[in-house]
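S.K.: There's a structure below that I have some questions on.
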Amino acid sequence: MNRKTLVLTAAAGLLTPTLAACGSTSGGGAGSGAIVVGTTDRFEAADYAPAPFDPAYAYDAGAWNVLRQTVQTLMHTPRGGGQPVPEAASDCRFTDTGNESYRCTLRPGLKFASGEPLTAKDVKFSIDRVLAIKDENGPSSLLSTLDTVEVKSADTVVFHLKTPDATFPYKLSTPAAGIVSEKSYDAKKLREGFAVDGSGPYTMKAEVKDNHLVRAVFTKNPNYKGDLKLQNDKVELRTFNDTAAMGKALTAGTVHVVSRTLSPAQITEFAAKPPKGVKLVPMPGLEIRYIGFNTDAPAVKDKAVRQALAAAVDRNAIIDKVYGKSAQPLYSLVPSSVPGHVNSFFNKYGEANTAKAADLLKAAGIKTPVKLTLNYTKDHYGDGTATEFETLKNQLNSTQLFDVTVQGSDWSDFRPAQKKGDYAAYGLGWFPDYPDADNFLAPFLEQDNFLGTPYANAAVRTRLIPESRRAVDRNVAVPAITEMQDIVAEDVPVLPLWQGKQYVAARDGITGVEWSVNAISDLQLWELGRGVSG
């Protein structure tokens, strides 16, 4: 198979913004002041998270949005989505028919922001470092198919893979493959704190209070050489404790753009009657939310309990009560707009089928009501989470098959406890690393997975994931992808609930808003500029 057939036609379509460009595209030059972007993402340097912006540690959407501005990758997702294109590289391609050898040639004259030259040795150092540190919270699992990195010359690097992996170009476009210098980063230890050094489009200066980032100022990197075209010289990312405070700042004009995370109520309000001088921009989105299970926990160890939960849950009721325009029901780990999606959970269980849930529990000889605690994080996914879990509790308890309680905790406590297996059932979200079905399945199902789950399916790990990754033409991978989704619906190691829709709110006079966030929730600050509003 030839690499040039790696085209995700359907995915490319879904990544195209739905709003035409408005206003001029003139950049914000000197003297125009920083464009201020608001976020409810919270960044803390603590014992449980010592290095929030180290590429060997960072593995969440908020931290990656900082790294994408500052740390360059060989490849990147182009403006309209689709197949990755070279960024720090001038050319990358598979050099064998088996998709096990991938060669990249760097752009000439690459430098880190410090002015130090960037060579193929830095690429090898950076990726070897992620694999050597292999932090349990980090992204090393994304590089699980990589065997060795070979430096062929100062500007050429070859990645030798353990098994064929047609998705490898996508992985080189993520911050897991971000290029850093050994002068700033230790080969075997994390770089603690908020400092970031790279060769990306911006340098970043952090303002910190009580170990929390309150402001990050991104300034145009004069040494940047890559594929991105900057529309501004400076952008400020400002963190807020809640969506209400962020919304007030937008209305007052002290913040120019907000996205993560607008509340469902704000989206409804801004859509119906936006504040003066504010526009709401809808965009494609691939965020998913789900319930994960510790399949060794006594409460959910029996598959019939998890299946009964899958049958009893009412996704439409959750969306109607909590999320409105910002979500739609999801019946698979793979979102409906990604090629290969099938409604496996709906096909097996239907929607809110109490009778089916009762039959499943009865056939397994399980005494009802089944006692269960649903755990969720109070401060990581926005204001609707607590209401969502109260709604889940009420609808499950109303079946009289379950006796559910809910427990919310801060992310700083929630995530370590979830990884340790302290929770039988827990709510999490997933923002994809790249827009391919593989990235909605493998991170949950392969060994050393994101959830740290004890669940293991031999057919998925040894046959279906490798089979799906051999297919450069992703349509050829659909049978394996379909089978994996059906296995998840049968075994229910996770229970998908809904798929998000993205919205960005911006002040008039800010251009490039429609490109500032792509479908996989990458923040692209370089697209924002100042001009006359259309």
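Chain labels A, B, ... are given in the sequence in which chains occur in the structure tokens; within each chain residues are numbered consecutively from 1, and ligands are likewise numbered from 1 in the order shown.
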Quick one: residues within 10 Å of Val460 in chain A, only C-alpha atoms, excluding same-chain residues fewer than 2 positions away - as JSON, numbers by chain?
M.R.: {"A": [441, 442, 445, 446, 456, 457, 458, 462, 463, 464, 465, 466, 467, 480, 481, 483, 484, 485, 487, 488]}
S.K.: Do a neighbour search on range 275-291 of chain A at 6 Å with only C-alpha atoms, toss out local chain neighbours closer than 6 positions, and write the hits as a list of chain:residue names.
M.R.: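 Those residues are A:Pro17, A:Thr18, A:Tyr426, A:Gly427, A:Leu428, A:Gly429, A:Trp430, A:Phe431, A:Val494, A:Leu495, A:Pro496, A:Leu497, A:Trp498, A:Gln499, A:Gly500, A:Lys501, A:Gln502, A:Tyr503, A:Val504, A:Ala505, A:Ala506, A:Arg507, A:Asp508, A:Ala519, A:Ile520.
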S.K.: Pick the closest to Thr77 in chain A from A:Tyr102, A:Tyr224, A:Tyr170, A:Phe125: which is it, counting only C-alpha atoms?
M.R.: A:Tyr170
S.K.: Could you list, as number ranges by chain, every residue within 9 Å of range 308-323 of chain A, counting only C-alpha atoms and ignoring same-chain residues fewer than 5 positions away?
M.R.: A: 263-265, 303, 328-330, 345-346, 348-361, 384-385, 387-389, 391-392, 395-396, 399, 401-402, 489, 492, 495-498, 500
S.K.: Could you check the closest approach to Ser332 in chain A for each of A:Val196, A:Ser344, A:Asp379, A:Asn449 and tell me which residue wins, using only C-alpha atoms?
M.R.: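 Among the listed residues, A:Ser344 lies closest to Ser332 in chain A.
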S.K.: Point out the residue among A:Gly421, A:Gly82, A:Gly340, A:Pro432 with the least atom-to-atom distance to Val476 in chain A, counting only C-alpha atoms.
M.R.: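 Using only C-alpha atoms, the shortest distance to Val476 in chain A belongs to A:Gly340.
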S.K.: When you draw a straight line from CA of Leu228 in chain A to CA of Asp436 in chain A, how long is it in Å?
M.R.: 22.6 Å
S.K.: If you count only C-alpha atoms, which residues fall within 12 Å of Glu44 in chain A, apart from same-chain ones fewer than 5 positions away, as a compact mmCIF listing (two decimals) with N, CA, C and O atoms, in the first residue's frame?
M.R.:
```
# COMPACT_ATOMS: atom_id res chain seq x y z
N ALA A 49 0.56 16.42 40.05
CA ALA A 49 0.75 16.93 38.69
C ALA A 49 1.94 17.89 38.69
O ALA A 49 1.77 19.10 38.60
N PRO A 50 3.15 17.36 38.81
CA PRO A 50 4.32 18.23 39.00
C PRO A 50 4.74 19.00 37.76
O PRO A 50 5.40 20.03 37.86
N ALA A 51 4.39 18.50 36.57
CA ALA A 51 4.92 19.07 35.33
C ALA A 51 3.80 19.22 34.30
O ALA A 51 3.77 18.52 33.29
N PRO A 52 2.86 20.14 34.55
CA PRO A 52 1.66 20.20 33.70
C PRO A 52 1.93 20.42 32.22
O PRO A 52 1.12 20.00 31.38
N PHE A 53 3.07 21.07 31.87
CA PHE A 53 3.33 21.37 30.46
C PHE A 53 4.55 20.63 29.90
O PHE A 53 5.09 21.01 28.86
N ALA A 58 2.08 15.80 30.03
CA ALA A 58 0.79 16.40 29.67
C ALA A 58 -0.01 15.48 28.77
O ALA A 58 0.49 15.00 27.74
N GLY A 62 -6.51 20.74 27.79
CA GLY A 62 -6.06 22.06 28.21
C GLY A 62 -4.55 22.22 28.12
O GLY A 62 -4.05 23.21 27.58
N ALA A 63 -3.81 21.26 28.65
CA ALA A 63 -2.35 21.34 28.60
C ALA A 63 -1.84 21.24 27.17
O ALA A 63 -0.89 21.95 26.78
N GLU A 192 9.62 20.06 36.10
CA GLU A 192 8.55 20.49 36.99
C GLU A 192 8.26 21.98 36.82
O GLU A 192 9.13 22.76 36.46
N GLY A 193 7.00 22.33 37.11
CA GLY A 193 6.58 23.72 37.00
C GLY A 193 5.93 24.02 35.67
O GLY A 193 5.52 23.11 34.93
N PHE A 194 5.82 25.31 35.34
CA PHE A 194 5.04 25.75 34.18
C PHE A 194 5.89 26.20 32.99
O PHE A 194 5.34 26.60 31.97
N ALA A 206 4.46 32.48 31.95
CA ALA A 206 3.38 32.09 32.85
C ALA A 206 3.32 33.01 34.06
O ALA A 206 4.36 33.35 34.65
N GLU A 207 2.11 33.40 34.42
CA GLU A 207 1.86 34.12 35.67
C GLU A 207 1.19 33.15 36.62
O GLU A 207 0.12 32.61 36.30
N VAL A 208 1.79 32.90 37.77
CA VAL A 208 1.35 31.84 38.67
C VAL A 208 1.00 32.41 40.04
O VAL A 208 1.68 33.30 40.55
N LYS A 209 -0.07 31.89 40.62
CA LYS A 209 -0.47 32.27 41.98
C LYS A 209 -0.89 31.01 42.72
O LYS A 209 -1.74 30.25 42.24
N ASP A 210 -0.29 30.77 43.87
CA ASP A 210 -0.62 29.60 44.70
C ASP A 210 -0.52 28.31 43.89
O ASP A 210 -1.40 27.44 43.95
N ASN A 211 0.53 28.20 43.09
CA ASN A 211 0.80 27.01 42.26
C ASN A 211 -0.21 26.80 41.15
O ASN A 211 -0.26 25.72 40.55
N HIS A 212 -1.04 27.80 40.88
CA HIS A 212 -2.00 27.72 39.78
C HIS A 212 -1.63 28.76 38.71
O HIS A 212 -1.28 29.90 39.03
N LEU A 213 -1.73 28.36 37.45
CA LEU A 213 -1.54 29.30 36.36
C LEU A 213 -2.76 30.20 36.26
O LEU A 213 -3.89 29.70 36.19
N VAL A 214 -2.57 31.50 36.31
CA VAL A 214 -3.69 32.43 36.17
C VAL A 214 -3.67 33.14 34.82
O VAL A 214 -4.69 33.62 34.35
N THR A 239 -7.22 32.35 32.78
CA THR A 239 -8.05 31.30 33.37
C THR A 239 -9.10 31.89 34.30
O THR A 239 -8.86 32.90 34.98
N TRP A 411 -10.79 17.49 40.52
CA TRP A 411 -9.97 16.73 39.58
C TRP A 411 -8.65 16.27 40.21
O TRP A 411 -8.17 15.16 39.95
N SER A 412 -8.10 17.10 41.07
CA SER A 412 -6.82 16.76 41.70
C SER A 412 -6.93 15.51 42.57
O SER A 412 -5.94 14.81 42.78
```
S.K.: Using the chain letters and numbers from this document, which residues of range 436-501 of chain A does DSSP assign to helix (DSSP H, G or I), as a VMD selection string?
M.R.: chain A and resid 438 to 445 458 to 470 478 to 491
S.K.: List every residue of range 155-205 of chain A that has an atom at most 8 Å from any atom of range 104-117 of chain A, and for each one report the closest atom pair and its distance in Å to one decimal, counting only C-alpha atoms, with rows sorted by chain and then by increasing residue number, as a tab-separated table.
M.R.:
```
residue	atom	partner	partner_atom	distance
A:Asp155	CA	A:Leu106	CA	5.0
A:Thr156	CA	A:Thr105	CA	4.5
A:Val157	CA	A:Cys104	CA	5.5
A:Val158	CA	A:Cys104	CA	6.4
A:Ser181	CA	A:Phe112	CA	7.8
A:Asp197	CA	A:Ala113	CA	7.1
A:Gly198	CA	A:Phe112	CA	5.5
A:Ser199	CA	A:Phe112	CA	4.2
A:Gly200	CA	A:Ala113	CA	7.7
A:Thr203	CA	A:Ala113	CA	7.0
```
S.K.: Write the residues you've just listed into a file as a PDB file, in the first residue's frame, and include N, CA, C and O atoms for each of them.
M.R.:
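Generated file (part-v2.pdb):
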```pdb
ATOM      1  N   ASP A 155      19.375  16.389   9.305  1.00  0.00           N
ATOM      2  CA  ASP A 155      18.009  16.818   8.987  1.00  0.00           C
ATOM      3  C   ASP A 155      17.066  15.659   8.647  1.00  0.00           C
ATOM      4  O   ASP A 155      15.956  15.887   8.171  1.00  0.00           O
ATOM      5  N   THR A 156      17.490  14.419   8.890  1.00  0.00           N
ATOM      6  CA  THR A 156      16.666  13.272   8.519  1.00  0.00           C
ATOM      7  C   THR A 156      16.559  12.283   9.668  1.00  0.00           C
ATOM      8  O   THR A 156      17.565  11.895  10.263  1.00  0.00           O
ATOM      9  N   VAL A 157      15.332  11.872   9.948  1.00  0.00           N
ATOM     10  CA  VAL A 157      15.070  10.917  11.015  1.00  0.00           C
ATOM     11  C   VAL A 157      14.131   9.841  10.487  1.00  0.00           C
ATOM     12  O   VAL A 157      13.238  10.129   9.682  1.00  0.00           O
ATOM     13  N   VAL A 158      14.374   8.586  10.910  1.00  0.00           N
ATOM     14  CA  VAL A 158      13.541   7.471  10.481  1.00  0.00           C
ATOM     15  C   VAL A 158      12.957   6.789  11.706  1.00  0.00           C
ATOM     16  O   VAL A 158      13.681   6.466  12.657  1.00  0.00           O
ATOM     17  N   SER A 181      14.553  20.528  23.614  1.00  0.00           N
ATOM     18  CA  SER A 181      16.014  20.485  23.619  1.00  0.00           C
ATOM     19  C   SER A 181      16.526  19.826  24.891  1.00  0.00           C
ATOM     20  O   SER A 181      16.001  20.069  25.983  1.00  0.00           O
ATOM     21  N   ASP A 197       9.701  25.374  26.760  1.00  0.00           N
ATOM     22  CA  ASP A 197      10.643  25.857  25.750  1.00  0.00           C
ATOM     23  C   ASP A 197      10.542  24.966  24.532  1.00  0.00           C
ATOM     24  O   ASP A 197      10.577  23.737  24.641  1.00  0.00           O
ATOM     25  N   GLY A 198      10.415  25.591  23.370  1.00  0.00           N
ATOM     26  CA  GLY A 198      10.325  24.817  22.143  1.00  0.00           C
ATOM     27  C   GLY A 198      10.669  25.659  20.945  1.00  0.00           C
ATOM     28  O   GLY A 198      11.348  26.688  21.050  1.00  0.00           O
ATOM     29  N   SER A 199      10.173  25.242  19.786  1.00  0.00           N
ATOM     30  CA  SER A 199      10.429  25.956  18.536  1.00  0.00           C
ATOM     31  C   SER A 199       9.123  26.322  17.850  1.00  0.00           C
ATOM     32  O   SER A 199       9.095  26.591  16.652  1.00  0.00           O
ATOM     33  N   GLY A 200       8.013  26.317  18.613  1.00  0.00           N
ATOM     34  CA  GLY A 200       6.701  26.586  18.053  1.00  0.00           C
ATOM     35  C   GLY A 200       6.479  28.047  17.722  1.00  0.00           C
ATOM     36  O   GLY A 200       7.384  28.883  17.871  1.00  0.00           O
ATOM     37  N   THR A 203       6.483  31.910  22.133  1.00  0.00           N
ATOM     38  CA  THR A 203       7.059  31.649  23.441  1.00  0.00           C
ATOM     39  C   THR A 203       5.972  31.928  24.471  1.00  0.00           C
ATOM     40  O   THR A 203       5.015  32.651  24.200  1.00  0.00           O
TER      41      THR A 203
END
```
S.K.: From a DSSP calculation on the backbone, collect every residue of range 356-527 of chain A in strand (DSSP E or B) and output the set as a PyMOL selection string.
M.R.: chain A and resi 370-377+402-409+425-430+494-500+502-507+510-511+517+523
S.K.: Need to verify the contact set: Thr145 in chain A, 6 Å, only C-alpha atoms, exclusion of same-chain residues closer than 2 positions in sequence. Can you return it as JSON, numbers by chain?
M.R.: {"A": [143, 161, 162]}
S.K.: Compare A:Asn439, A:Thr453, A:Thr40, A:Ser521 by their minimum atom-to-atom distance to Leu333 in chain A, counting only C-alpha atoms, and give me the closest one.
M.R.: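 Looking only at the distances to Leu333 in chain A, the closest residue turns out to be A:Asn439.
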